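Next comes entry_27.cif, with mmCIF, C-alpha atoms and all ligand atoms.
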```cif
data_my_file
#
loop_
_atom_site.label_atom_id
_atom_site.label_comp_id
_atom_site.auth_asym_id
_atom_site.auth_seq_id
_atom_site.Cartn_x
_atom_site.Cartn_y
_atom_site.Cartn_z
CA MET Y 1 -17.00 -19.60 10.14
CA LEU Y 2 -14.63 -17.07 11.64
CA PHE Y 3 -14.50 -13.76 9.82
CA VAL Y 4 -12.06 -10.89 10.29
CA GLN Y 5 -13.74 -7.76 8.94
CA LYS Y 6 -11.75 -4.55 8.53
CA TYR Y 7 -13.54 -1.25 8.02
CA GLY Y 8 -11.55 1.67 6.60
CA GLY Y 9 -11.72 5.37 7.42
CA THR Y 10 -14.53 6.34 5.05
CA SER Y 11 -16.53 3.29 6.12
CA VAL Y 12 -16.60 4.57 9.73
CA GLY Y 13 -16.43 8.26 8.75
CA SER Y 14 -19.65 9.38 10.47
CA THR Y 15 -22.14 8.13 13.04
CA GLU Y 16 -24.41 7.24 10.15
CA ARG Y 17 -21.66 5.10 8.64
CA ILE Y 18 -20.93 3.52 12.04
CA ARG Y 19 -24.60 2.49 12.28
CA ALA Y 20 -24.31 0.83 8.85
CA VAL Y 21 -21.11 -0.96 9.83
CA ALA Y 22 -22.66 -2.17 13.09
CA ASP Y 23 -25.65 -3.48 11.11
CA ARG Y 24 -23.33 -5.44 8.82
CA ILE Y 25 -21.41 -6.92 11.76
CA ALA Y 26 -24.67 -7.81 13.50
CA ALA Y 27 -25.95 -9.52 10.36
CA THR Y 28 -22.79 -11.66 10.21
CA VAL Y 29 -23.21 -12.60 13.88
CA ARG Y 30 -26.89 -13.41 13.41
CA ALA Y 31 -26.01 -15.64 10.49
CA GLY Y 32 -24.16 -17.75 13.04
CA HIS Y 33 -20.59 -16.67 12.37
CA ALA Y 34 -17.87 -15.50 14.71
CA VAL Y 35 -16.41 -12.07 13.88
CA VAL Y 36 -13.35 -10.12 14.88
CA VAL Y 37 -13.49 -6.54 13.62
CA VAL Y 38 -10.61 -4.17 12.87
CA VAL Y 39 -11.34 -0.47 12.40
CA SER Y 40 -9.48 2.53 11.05
CA ALA Y 41 -9.79 6.04 12.46
CA MET Y 42 -12.91 7.96 11.37
CA GLY Y 43 -12.65 9.67 7.96
CA HIS Y 44 -9.57 11.86 7.69
CA SER Y 45 -8.99 12.07 11.44
CA THR Y 46 -5.46 10.61 11.23
CA ASP Y 47 -4.56 13.38 8.75
CA ALA Y 48 -6.06 15.92 11.16
CA LEU Y 49 -3.85 14.61 13.98
CA VAL Y 50 -0.77 14.79 11.73
CA ASP Y 51 -1.68 18.40 10.89
CA LEU Y 52 -2.07 19.32 14.56
CA ALA Y 53 1.43 18.02 15.30
CA ALA Y 54 2.83 19.86 12.25
CA GLU Y 55 1.36 23.13 13.52
CA LEU Y 56 3.38 22.79 16.69
CA VAL Y 57 6.71 21.28 15.59
CA ASP Y 58 8.68 20.72 12.42
CA SER Y 59 9.69 17.13 13.07
CA PRO Y 60 7.66 15.73 15.95
CA ASP Y 61 9.12 13.15 18.31
CA LEU Y 62 8.32 9.73 16.84
CA ARG Y 63 7.20 8.17 20.12
CA GLU Y 64 4.79 11.00 20.81
CA MET Y 65 3.57 10.82 17.23
CA ASP Y 66 2.59 7.19 17.76
CA GLN Y 67 0.88 8.04 21.05
CA LEU Y 68 -1.08 10.68 19.16
CA LEU Y 69 -1.99 8.76 16.00
CA ALA Y 70 -3.04 5.63 17.90
CA THR Y 71 -5.93 7.59 19.47
CA GLY Y 72 -7.84 7.89 16.18
CA GLU Y 73 -8.66 4.19 16.03
CA GLN Y 74 -9.70 4.13 19.71
CA VAL Y 75 -12.49 6.55 18.93
CA SER Y 76 -13.99 4.49 16.13
CA ALA Y 77 -13.50 1.15 17.93
CA ALA Y 78 -15.35 2.33 21.04
CA LEU Y 79 -18.15 3.88 18.98
CA VAL Y 80 -18.69 0.72 16.92
CA ALA Y 81 -18.66 -1.41 20.11
CA MET Y 82 -21.18 0.76 21.95
CA ARG Y 83 -23.48 0.80 18.94
CA LEU Y 84 -23.37 -3.02 18.77
CA LEU Y 85 -24.03 -3.31 22.51
CA ALA Y 86 -27.07 -1.05 22.15
CA MET Y 87 -28.31 -3.37 19.40
CA GLY Y 88 -28.04 -6.34 21.72
CA VAL Y 89 -24.88 -7.74 20.12
CA GLN Y 90 -22.16 -8.59 22.64
CA ALA Y 91 -19.08 -6.56 21.73
CA LYS Y 92 -15.95 -5.13 23.27
CA SER Y 93 -13.40 -2.69 21.87
CA LEU Y 94 -9.70 -3.42 22.35
CA THR Y 95 -6.59 -1.41 21.57
CA GLY Y 96 -3.81 -3.15 19.68
CA TRP Y 97 -1.96 -4.05 22.86
CA GLN Y 98 -5.11 -5.27 24.60
CA ALA Y 99 -5.64 -7.55 21.61
CA GLY Y 100 -2.13 -8.98 22.07
CA ILE Y 101 -0.45 -7.40 19.03
CA THR Y 102 3.30 -7.05 19.57
CA THR Y 103 5.46 -5.24 17.02
CA GLU Y 104 9.12 -4.52 16.45
CA PRO Y 105 10.36 -1.69 18.66
CA VAL Y 106 10.15 0.91 15.90
CA HIS Y 107 7.99 4.03 15.85
CA GLY Y 108 5.97 5.07 12.82
CA ASN Y 109 6.39 2.02 10.62
CA ALA Y 110 6.60 -1.04 12.88
CA ARG Y 111 6.10 -4.59 11.67
CA VAL Y 112 3.90 -6.99 13.61
CA SER Y 113 6.18 -9.52 15.28
CA GLN Y 114 3.79 -11.65 17.30
CA ILE Y 115 0.15 -11.95 18.28
CA ASP Y 116 -0.96 -13.44 21.57
CA THR Y 117 -4.46 -14.52 20.68
CA ARG Y 118 -5.61 -15.64 24.12
CA THR Y 119 -7.83 -12.62 24.83
CA LEU Y 120 -9.37 -12.73 21.36
CA GLN Y 121 -9.89 -16.51 21.50
CA SER Y 122 -11.67 -16.20 24.79
CA LEU Y 123 -13.95 -13.46 23.43
CA ILE Y 124 -14.69 -15.57 20.35
CA GLU Y 125 -15.54 -18.56 22.54
CA ARG Y 126 -17.93 -16.44 24.58
CA GLY Y 127 -19.63 -15.09 21.46
CA ILE Y 128 -18.35 -11.55 22.01
CA VAL Y 129 -17.34 -9.48 18.96
CA ALA Y 130 -13.92 -7.88 19.51
CA ILE Y 131 -13.51 -4.49 17.85
CA VAL Y 132 -9.75 -4.03 17.53
CA THR Y 133 -8.06 -0.71 16.76
CA GLY Y 134 -6.17 -1.07 13.48
CA PHE Y 135 -2.70 0.19 12.66
CA GLN Y 136 -1.11 -0.28 16.09
CA GLY Y 137 0.51 -2.60 18.57
CA ILE Y 138 2.93 -2.53 21.44
CA ALA Y 139 6.69 -3.03 21.79
CA GLY Y 140 8.35 -3.11 25.20
CA GLY Y 141 5.44 -1.27 26.78
CA GLU Y 142 5.41 1.44 24.11
CA VAL Y 143 2.59 2.08 21.67
CA THR Y 144 3.73 1.65 18.07
CA THR Y 145 1.99 2.21 14.73
CA LEU Y 146 2.34 0.20 11.53
CA GLY Y 147 2.60 3.03 8.97
CA ARG Y 148 -0.14 4.90 7.12
CA GLY Y 149 -2.81 2.59 5.79
CA GLY Y 150 -1.65 -0.08 8.26
CA SER Y 151 -5.08 -1.21 9.49
CA ASP Y 152 -5.24 -3.59 6.53
CA THR Y 153 -2.09 -5.23 7.89
CA SER Y 154 -3.57 -5.49 11.39
CA ALA Y 155 -6.57 -7.30 9.94
CA VAL Y 156 -4.54 -9.77 7.89
CA ALA Y 157 -2.15 -10.42 10.80
CA LEU Y 158 -5.10 -11.17 13.09
CA ALA Y 159 -6.74 -13.37 10.46
CA ALA Y 160 -3.51 -15.36 10.13
CA ALA Y 161 -2.97 -15.68 13.88
CA LEU Y 162 -6.58 -16.69 14.56
CA GLY Y 163 -6.78 -19.02 11.56
CA ALA Y 164 -9.83 -17.08 10.29
CA ASP Y 165 -11.69 -18.50 7.32
CA VAL Y 166 -11.84 -15.14 5.53
CA CYS Y 167 -10.35 -11.68 5.95
CA GLU Y 168 -12.70 -9.09 4.47
CA ILE Y 169 -11.39 -5.60 3.78
CA TYR Y 170 -14.38 -3.23 3.62
CA THR Y 171 -13.61 0.07 1.93
CA ASP Y 172 -15.14 2.82 -0.20
CA VAL Y 173 -14.68 1.04 -3.55
CA ASP Y 174 -16.30 -2.28 -4.38
CA GLY Y 175 -13.04 -4.07 -5.08
CA VAL Y 176 -9.64 -3.81 -6.67
CA TYR Y 177 -9.82 -2.04 -10.02
CA THR Y 178 -7.53 -2.06 -13.03
CA THR Y 179 -6.42 1.37 -11.81
CA ASP Y 180 -7.59 4.03 -9.34
CA PRO Y 181 -11.21 4.69 -10.36
CA ARG Y 182 -10.81 8.27 -9.19
CA VAL Y 183 -8.36 8.85 -12.06
CA VAL Y 184 -9.89 6.57 -14.70
CA PRO Y 185 -13.67 6.50 -14.24
CA ASN Y 186 -14.06 3.52 -16.56
CA ALA Y 187 -11.50 1.41 -14.73
CA LYS Y 188 -12.75 -2.17 -14.43
CA LYS Y 189 -13.31 -4.08 -11.24
CA LEU Y 190 -11.28 -7.29 -11.06
CA ASP Y 191 -13.01 -10.44 -9.79
CA ASP Y 192 -9.68 -11.80 -8.67
CA ILE Y 193 -6.04 -10.85 -8.58
CA SER Y 194 -2.98 -12.84 -7.57
CA TYR Y 195 -1.08 -12.04 -4.38
CA ASP Y 196 2.00 -11.20 -6.45
CA GLU Y 197 0.24 -8.77 -8.75
CA MET Y 198 -1.59 -7.16 -5.83
CA LEU Y 199 1.67 -6.85 -3.94
CA GLU Y 200 3.30 -5.07 -6.88
CA LEU Y 201 0.31 -2.75 -7.32
CA ALA Y 202 0.24 -1.93 -3.59
CA ASN Y 203 3.98 -1.32 -3.47
CA LEU Y 204 3.76 0.86 -6.57
CA GLY Y 205 1.15 3.15 -5.05
CA ALA Y 206 -2.32 1.56 -5.34
CA GLN Y 207 -3.68 2.66 -2.02
CA VAL Y 208 -6.50 0.15 -1.81
CA LEU Y 209 -4.42 -2.34 0.22
CA HIS Y 210 -1.42 -1.78 2.48
CA PRO Y 211 1.56 -3.61 0.90
CA ARG Y 212 2.39 -5.50 4.09
CA ALA Y 213 -1.18 -6.75 4.33
CA VAL Y 214 -0.76 -8.43 0.95
CA GLU Y 215 2.69 -9.73 1.89
CA ASN Y 216 1.30 -11.33 5.04
CA ALA Y 217 -1.79 -12.67 3.28
CA LYS Y 218 0.44 -14.41 0.76
CA HIS Y 219 2.83 -15.74 3.36
CA PHE Y 220 0.14 -17.13 5.64
CA ALA Y 221 -2.28 -18.06 2.82
CA VAL Y 222 -5.02 -15.84 4.23
CA GLN Y 223 -8.16 -15.74 2.12
CA LEU Y 224 -8.45 -12.03 1.40
CA VAL Y 225 -11.43 -10.20 -0.10
CA VAL Y 226 -11.74 -6.47 -0.85
CA ARG Y 227 -15.30 -5.16 -1.00
CA SER Y 228 -17.45 -2.12 -0.36
CA SER Y 229 -19.02 -1.33 3.00
CA PHE Y 230 -21.54 0.84 1.12
CA THR Y 231 -22.99 -1.77 -1.23
CA GLU Y 232 -23.48 -5.51 -1.45
CA GLY Y 233 -21.30 -7.34 -3.92
CA GLU Y 234 -18.71 -10.01 -4.39
CA GLY Y 235 -15.71 -7.70 -4.35
CA THR Y 236 -12.26 -8.86 -5.43
CA ASN Y 237 -10.61 -12.05 -4.21
CA VAL Y 238 -6.86 -11.89 -3.74
CA VAL Y 239 -5.72 -15.41 -4.51
CA ALA Y 240 -2.71 -17.60 -5.20
CA MET Y 241 -1.56 -17.55 -8.81
CA THR Y 242 -2.76 -21.04 -9.68
CA GLU Y 243 -6.36 -20.41 -8.73
CA ASN Y 244 -7.14 -17.69 -11.23
CA ARG Y 245 -6.84 -17.16 -14.97
CA MET Y 246 -8.83 -20.21 -15.98
CA GLU Y 247 -9.85 -18.92 -19.37
CA GLY Y 248 -7.55 -16.19 -20.34
CA ARG Y 249 -4.67 -14.19 -19.14
CA ARG Y 250 -4.38 -10.47 -18.90
CA VAL Y 251 -0.99 -9.25 -19.95
CA VAL Y 252 -1.42 -6.16 -17.80
CA THR Y 253 -3.64 -6.59 -14.75
CA GLY Y 254 -3.41 -3.11 -13.35
CA ILE Y 255 -1.82 0.31 -13.49
CA ALA Y 256 -0.52 2.05 -10.38
CA PHE Y 257 1.00 5.43 -9.79
CA GLU Y 258 2.77 7.32 -7.12
CA ARG Y 259 3.03 11.08 -6.79
CA HIS Y 260 5.62 13.01 -4.78
CA VAL Y 261 8.64 11.45 -6.43
CA ALA Y 262 11.93 13.37 -6.61
CA ARG Y 263 15.06 12.63 -8.61
CA LEU Y 264 18.57 13.37 -7.57
CA ALA Y 265 21.57 13.07 -9.88
CA VAL Y 266 25.17 12.94 -8.74
CA VAL Y 267 27.09 14.05 -11.79
CA GLY Y 268 30.70 13.26 -12.66
CA VAL Y 269 31.93 10.88 -9.97
CA PRO Y 270 35.42 9.56 -10.75
CA LEU Y 271 35.12 5.90 -11.73
CA GLU Y 272 37.55 4.69 -9.06
CA GLU Y 273 35.41 6.02 -6.19
CA HIS Y 274 32.81 3.21 -6.29
CA ALA Y 275 30.06 5.80 -6.05
CA LEU Y 276 27.15 3.37 -5.73
CA ALA Y 277 28.45 1.69 -2.59
CA ALA Y 278 29.30 4.97 -0.87
CA ILE Y 279 26.14 6.87 -1.80
CA PHE Y 280 23.62 4.16 -1.01
CA SER Y 281 25.27 3.03 2.24
CA SER Y 282 25.14 6.60 3.47
CA LEU Y 283 21.52 7.08 2.43
CA ALA Y 284 20.51 3.82 4.10
CA GLU Y 285 22.29 4.75 7.33
CA ASN Y 286 20.32 7.98 7.34
CA GLY Y 287 17.02 6.24 6.77
CA VAL Y 288 16.42 7.57 3.26
CA ASN Y 289 14.51 5.07 1.12
CA VAL Y 290 15.74 4.92 -2.46
CA ASP Y 291 13.63 3.63 -5.30
CA VAL Y 292 14.76 3.68 -8.96
CA ILE Y 293 18.55 3.78 -9.47
CA VAL Y 294 20.40 4.42 -12.72
CA GLN Y 295 24.17 4.55 -13.13
CA SER Y 296 25.61 5.59 -16.43
CA VAL Y 297 29.23 5.54 -17.41
CA VAL Y 298 29.88 8.91 -19.06
CA ASP Y 299 33.38 8.22 -20.30
CA ALA Y 300 36.34 6.10 -19.26
CA SER Y 301 36.90 8.18 -16.12
CA ALA Y 302 33.53 9.18 -14.63
CA VAL Y 303 29.97 8.01 -13.89
CA ASP Y 304 26.67 9.73 -13.23
CA VAL Y 305 24.37 8.22 -10.62
CA SER Y 306 20.73 9.19 -10.45
CA PHE Y 307 18.03 7.86 -8.17
CA THR Y 308 14.56 8.67 -6.91
CA VAL Y 309 13.33 9.25 -3.37
CA ASN Y 310 10.05 10.39 -1.91
CA GLU Y 311 9.76 14.16 -2.25
CA SER Y 312 9.61 14.50 1.53
CA ASP Y 313 13.09 12.91 1.77
CA LEU Y 314 14.69 15.09 -0.91
CA GLY Y 315 16.20 17.65 1.50
CA ARG Y 316 17.76 14.94 3.62
CA ALA Y 317 19.03 13.04 0.58
CA VAL Y 318 20.74 16.19 -0.76
CA GLU Y 319 22.36 16.78 2.64
CA VAL Y 320 23.63 13.21 2.85
CA VAL Y 321 25.05 13.22 -0.67
CA SER Y 322 26.58 16.71 -0.27
CA SER Y 323 28.45 15.53 2.80
CA LEU Y 324 30.16 12.93 0.60
CA GLN Y 325 31.60 15.51 -1.81
CA PRO Y 326 35.08 15.66 -0.24
CA THR Y 327 35.58 11.90 -0.67
CA LEU Y 328 33.62 11.28 -3.87
CA ARG Y 329 34.80 14.45 -5.66
CA PHE Y 330 31.74 14.58 -7.91
CA HIS Y 331 31.15 17.50 -10.21
CA LYS Y 332 27.66 18.53 -9.03
CA ILE Y 333 24.27 17.43 -7.69
CA GLU Y 334 21.13 17.99 -9.75
CA ARG Y 335 17.64 17.66 -8.36
CA GLU Y 336 14.30 17.38 -10.04
CA ALA Y 337 10.79 17.49 -8.51
CA PRO Y 338 7.85 17.13 -8.61
CA LEU Y 339 7.87 13.87 -10.50
CA ALA Y 340 5.59 10.85 -10.47
CA LYS Y 341 5.97 7.16 -11.21
CA VAL Y 342 3.50 5.20 -13.32
CA SER Y 343 3.68 1.42 -13.45
CA ILE Y 344 2.01 -1.36 -15.36
CA VAL Y 345 1.72 -4.69 -13.55
CA GLY Y 346 0.79 -8.13 -14.79
CA ALA Y 347 1.94 -11.71 -14.37
CA GLY Y 348 1.24 -12.23 -18.09
CA MET Y 349 4.20 -9.98 -18.93
CA ILE Y 350 6.70 -12.72 -18.18
CA SER Y 351 5.77 -14.57 -21.34
CA ASN Y 352 4.90 -11.55 -23.48
CA PRO Y 353 7.88 -9.66 -24.82
CA GLY Y 354 7.25 -6.18 -26.12
CA VAL Y 355 5.09 -4.98 -23.23
CA ALA Y 356 7.67 -2.39 -22.15
CA ALA Y 357 7.96 -1.20 -25.74
CA GLN Y 358 4.18 -0.83 -25.92
CA MET Y 359 4.28 1.25 -22.74
CA PHE Y 360 6.98 3.56 -24.13
CA VAL Y 361 5.09 4.00 -27.41
CA THR Y 362 1.89 4.80 -25.52
CA LEU Y 363 3.63 7.43 -23.41
CA ARG Y 364 5.38 8.91 -26.44
CA ASP Y 365 2.07 9.21 -28.30
CA ALA Y 366 0.54 10.89 -25.24
CA GLU Y 367 3.51 13.29 -25.20
CA VAL Y 368 4.61 12.17 -21.76
CA PRO Y 369 8.41 12.30 -21.45
CA ILE Y 370 10.04 9.40 -19.60
CA HIS Y 371 12.85 10.32 -17.22
CA MET Y 372 13.74 6.92 -15.81
CA VAL Y 373 12.65 3.31 -16.23
CA SER Y 374 12.74 0.32 -13.95
CA THR Y 375 11.47 -3.20 -14.62
CA SER Y 376 10.91 -6.51 -12.90
CA GLU Y 377 9.41 -9.76 -14.20
CA ILE Y 378 5.87 -8.53 -13.71
CA LYS Y 379 6.07 -4.73 -13.89
CA VAL Y 380 7.46 -1.79 -15.81
CA SER Y 381 7.70 1.61 -14.11
CA CYS Y 382 8.40 5.01 -15.70
CA VAL Y 383 9.29 8.18 -13.87
CA ILE Y 384 7.52 11.13 -15.50
CA PRO Y 385 6.69 14.79 -14.75
CA ALA Y 386 4.12 14.96 -11.93
CA HIS Y 387 1.60 17.09 -13.79
CA LEU Y 388 1.25 14.43 -16.50
CA VAL Y 389 0.38 11.53 -14.20
CA GLU Y 390 -3.38 11.48 -14.92
CA LYS Y 391 -2.80 11.74 -18.66
CA ALA Y 392 -0.25 8.92 -18.56
CA VAL Y 393 -2.45 6.61 -16.49
CA GLN Y 394 -5.42 7.23 -18.77
CA ALA Y 395 -3.37 6.53 -21.89
CA LEU Y 396 -1.90 3.34 -20.43
CA HIS Y 397 -5.33 2.18 -19.33
CA GLN Y 398 -6.60 2.73 -22.84
CA THR Y 399 -3.77 0.70 -24.37
CA PHE Y 400 -3.55 -2.16 -21.92
CA VAL Y 401 -7.04 -2.55 -20.48
CA GLU Y 402 -9.66 -0.95 -22.71
CA ALA Y 403 -8.11 -2.29 -25.90
CA ASP Y 404 -8.52 -6.05 -25.50
CA THR Y 405 -5.15 -7.46 -24.50
CA VAL Y 406 -6.36 -10.72 -23.01
CA THR Y 407 -4.39 -13.54 -24.57
CA PRO Y 408 -5.93 -16.99 -24.38
CA LEU Y 409 -3.97 -19.72 -22.66
CA THR Y 410 -2.29 -22.17 -25.00
CA ASN Y 411 -3.30 -25.81 -24.83
CA ALA Y 412 -0.09 -26.66 -23.03
CA GLU Y 413 -0.79 -24.02 -20.39
CA ARG Y 414 -4.34 -25.18 -20.00
P1 LIG P 1 -9.72 2.79 3.45
O1 LIG P 1 -9.87 4.04 4.21
O2 LIG P 1 -10.98 1.98 3.38
O3 LIG P 1 -8.54 1.98 3.88
P2 LIG P 1 -8.21 3.83 1.19
O4 LIG P 1 -8.49 5.25 0.88
O5 LIG P 1 -6.96 3.50 1.94
O6 LIG P 1 -9.50 3.22 1.94
O7 LIG P 1 -8.20 2.96 -0.16
C1 LIG P 1 -9.30 3.01 -1.04
C2 LIG P 1 -8.99 3.94 -2.20
O8 LIG P 1 -7.90 3.43 -2.96
C3 LIG P 1 -10.09 4.08 -3.22
O9 LIG P 1 -11.02 5.06 -2.86
C4 LIG P 1 -9.34 4.42 -4.51
O10 LIG P 1 -9.41 5.79 -4.85
C5 LIG P 1 -7.89 4.07 -4.21
N1 LIG P 1 -7.30 3.17 -5.21
C6 LIG P 1 -6.08 3.32 -5.79
N2 LIG P 1 -5.84 2.37 -6.68
C7 LIG P 1 -6.91 1.53 -6.67
C8 LIG P 1 -7.25 0.34 -7.38
N3 LIG P 1 -6.41 -0.22 -8.26
N4 LIG P 1 -8.44 -0.24 -7.12
C9 LIG P 1 -9.29 0.28 -6.21
N5 LIG P 1 -9.02 1.43 -5.52
C10 LIG P 1 -7.85 2.05 -5.73
N1 LIG P 2 -5.81 5.58 10.31
C1 LIG P 2 -4.55 5.16 9.73
C2 LIG P 2 -4.25 6.01 8.49
O1 LIG P 2 -5.03 6.88 8.14
C3 LIG P 2 -4.50 3.71 9.41
C4 LIG P 2 -5.46 3.22 8.35
O2 LIG P 2 -6.42 3.90 8.00
O3 LIG P 2 -5.25 2.11 7.87
O4 LIG P 2 -3.21 5.83 7.91
MG MG P 3 -6.46 2.16 3.50
#
```

Show me this structure written as structure tokens.
Amino acid sequence: MLFVQKYGGTSVGSTERIRAVADRIAATVRAGHAVVVVVSAMGHSTDALVDLAAELVDSPDLREMDQLLATGEQVSAALVAMRLLAMGVQAKSLTGWQAGITTEPVHGNARVSQIDTRTLQSLIERGIVAIVTGFQGIAGGEVTTLGRGGSDTSAVALAAALGADVCEIYTDVDGVYTTDPRVVPNAKKLDDISYDEMLELANLGAQVLHPRAVENAKHFAVQLVVRSSFTEGEGTNVVAMTENRMEGRRVVTGIAFERHVARLAVVGVPLEEHALAAIFSSLAENGVNVDVIVQSVVDASAVDVSFTVNESDLGRAVEVVSSLQPTLRFHKIEREAPLAKVSIVGAGMISNPGVAAQMFVTLRDAEVPIHMVSTSEIKVSCVIPAHLVEKAVQALHQTFVEADTVTPLTNAER
């Protein structure tokens, strides 16, 4: 079998951990399998590099930022490779570009566009374990990075390109849980989760997998497993919808949350100005990502538009919207931060009306005010005050996971 194994930051966070990782890789090789490894930077070293840059400049040049951040993974890749070599396992570390990973020509958040697998194939054929730096590639001769947490995406992209049998994501938790176990200690480990639910959870803030890793795994039907590098165990399989839920269906599979949310409201825009088109085109042109949007018609002549952005984009969003005042003639801009967003996710929601209502009741009973709501077929999100995020997640977990909300499949569904 061909395995792609990805080891996250904590998993390679010390020389002791690197020894353990090398042992695991060696065991896979000795069991007769081929392995391609993807590593993250050691521990919090990427954060440390970001901090160094921030000490020197307010907004660092994006190209130089990629040059800087890409070094973290080179350290861990070389250390893992030299440890394997010393153990008598043939290994070789490769940077993203050496491994043939080409991305779009974008700095800081590039997408993988193509993988030339010739070098990796030749290593596999010769029984050599490639240790590839995660989170990076090359575009037109320039080093690019895939966005924070992007090593998961490197691993899945390589697994797809190489036609690997399994892509294993080794991390510091033993699988995907019903919510972040750091916030809800009695969160439950899931044996399996569908690509769609995992994608929603990842997009809504569950850090355990990079959203684009899930997107690619779904698209290329990569068999994806999340498990611990610290313990033995089955982990969580991320699977196509039809494979799971044989006996019952969870209405809510998981709860995700995101901190650092900010809300901006543009109050009193004359109806005839088509505020939505103007505001959101401008924000997009300036690279501000907008999340939840609410427009309300105040009276026959004016609308209020409010939306959320990441807190780090709030300043820029206010600038962009302020510059539209002369044409949009709005009354004022209001801003609100720090906020957070809590979301419940579950494919079972489609056929279960009343889930949103149950969420609102739960938050009301926990005295968590809801500022905005957004829904899709398989999720409901509420924007709430940031300091209440733990309380909200715990209450929602109690309602939707700890209280038994598994509904059996009907005979027709079976
Ligand atoms: P790595 O460095 O291995 O990539 P991350 O820190 O990126 O690890 O992701 C693992 C962390 O994700 C866990 O320690 C956990 O706190 C957090 N997490 C958030 N939501 C979930 C969830 N639903 N299930 C498991 N872990 C979660
Ligand atoms: N080292 C990078 C980060 O901290 C990539 C990753 O860990 O996936 O974001
Ligand atoms: Mg990660």

Using all atoms of ligand LIG 1 (chain P) listed in the file and a margin of 8 Å per side, can you give the axis-aligned box centre and edge lengths in Å to one decimal, as lines of an AutoDock Vina configuration file?
```
center_x = -8.4
center_y = 2.8
center_z = -2.0
size_x = 21.2
size_y = 22.0
size_z = 28.5
```

Worksheet entry | Computed interatomic separation between CA of Val294 in chain Y and CA of Phe307 in chain Y (Å) |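 Taking CA of Val294 in chain Y and CA of Phe307 in chain Y, their separation equals 6.2 Å.
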
Discussion item. Distance limit 8 Å, reference ligand LIG 1 (chain P), atoms considered: all atoms listed in the file. Which residues make the cut? Give them as a VMD selection string.
Written reply: chain Y and resid 7 to 11 40 43 149 151 to 152 169 to 183 189 201 205 to 210 254 to 256

Practice prompt. Compare Y:Ala302, Y:Leu339, Y:Val292, Y:Met349 by their minimum atom-to-atom distance to Ile384 in chain Y, counting all atoms listed in the file, and give me the closest one.
Written response: Y:Leu339

Practice prompt. To one decimal in Å, tell me the separation between CA of Ala159 in chain Y and CA of Lys6 in chain Y.
Written response: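 Value for the CA of Ala159 in chain Y-CA of Lys6 in chain Y distance: 10.3 Å.
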
Fill in: Nearest to ligand MG 3 (chain P), chosen from Y:Val252, Y:Met42, Y:Val129, Y:Ile138, with only C-alpha atoms and all ligand atoms counted in the distances
Y:Met42

Worksheet item: Neighbours of Gly13 in chain Y within 12 Å (only C-alpha atoms; same-chain residues fewer than 5 positions away dropped), as a PyMOL selection string?
Response: chain Y and resi 7-8+18-21+39-46+72-73+75-77+79-80+171-172+229-230

Worksheet item: Which is closest to Thr236 in chain Y among Y:Val143, Y:Leu204, Y:Ile193, Y:Ala277, if we use all atoms listed in the file?
Response: Y:Ile193

Discussion item. Show me, as a list of chain:residue names, the residues that have an atom within 9 Å of Gly150 in chain Y when counting all atoms listed in the file, minus same-chain residues fewer than 4 positions from it.
Written reply: Y:Ser40, Y:Asn109, Y:Gly134, Y:Phe135, Y:Gln136, Y:Thr145, Y:Leu146, Y:Ser154, Y:Ala155, Y:Leu209, Y:His210, Y:Pro211, Y:Arg212, Y:Ala213

With C-alpha atoms retained, write the just-selected residues as a short mmCIF file (atom, residue, chain, number, x, y, z; two decimals), keeping the file's coordinate frame.
```cif
data_model
loop_
_atom_site.label_atom_id
_atom_site.label_comp_id
_atom_site.auth_asym_id
_atom_site.auth_seq_id
_atom_site.Cartn_x
_atom_site.Cartn_y
_atom_site.Cartn_z
CA SER Y 40 -9.48 2.53 11.05
CA ASN Y 109 6.39 2.02 10.62
CA GLY Y 134 -6.17 -1.07 13.48
CA PHE Y 135 -2.70 0.19 12.66
CA GLN Y 136 -1.11 -0.28 16.09
CA THR Y 145 1.99 2.21 14.73
CA LEU Y 146 2.34 0.20 11.53
CA SER Y 154 -3.57 -5.49 11.39
CA ALA Y 155 -6.57 -7.30 9.94
CA LEU Y 209 -4.42 -2.34 0.22
CA HIS Y 210 -1.42 -1.78 2.48
CA PRO Y 211 1.56 -3.61 0.90
CA ARG Y 212 2.39 -5.50 4.09
CA ALA Y 213 -1.18 -6.75 4.33
#
```
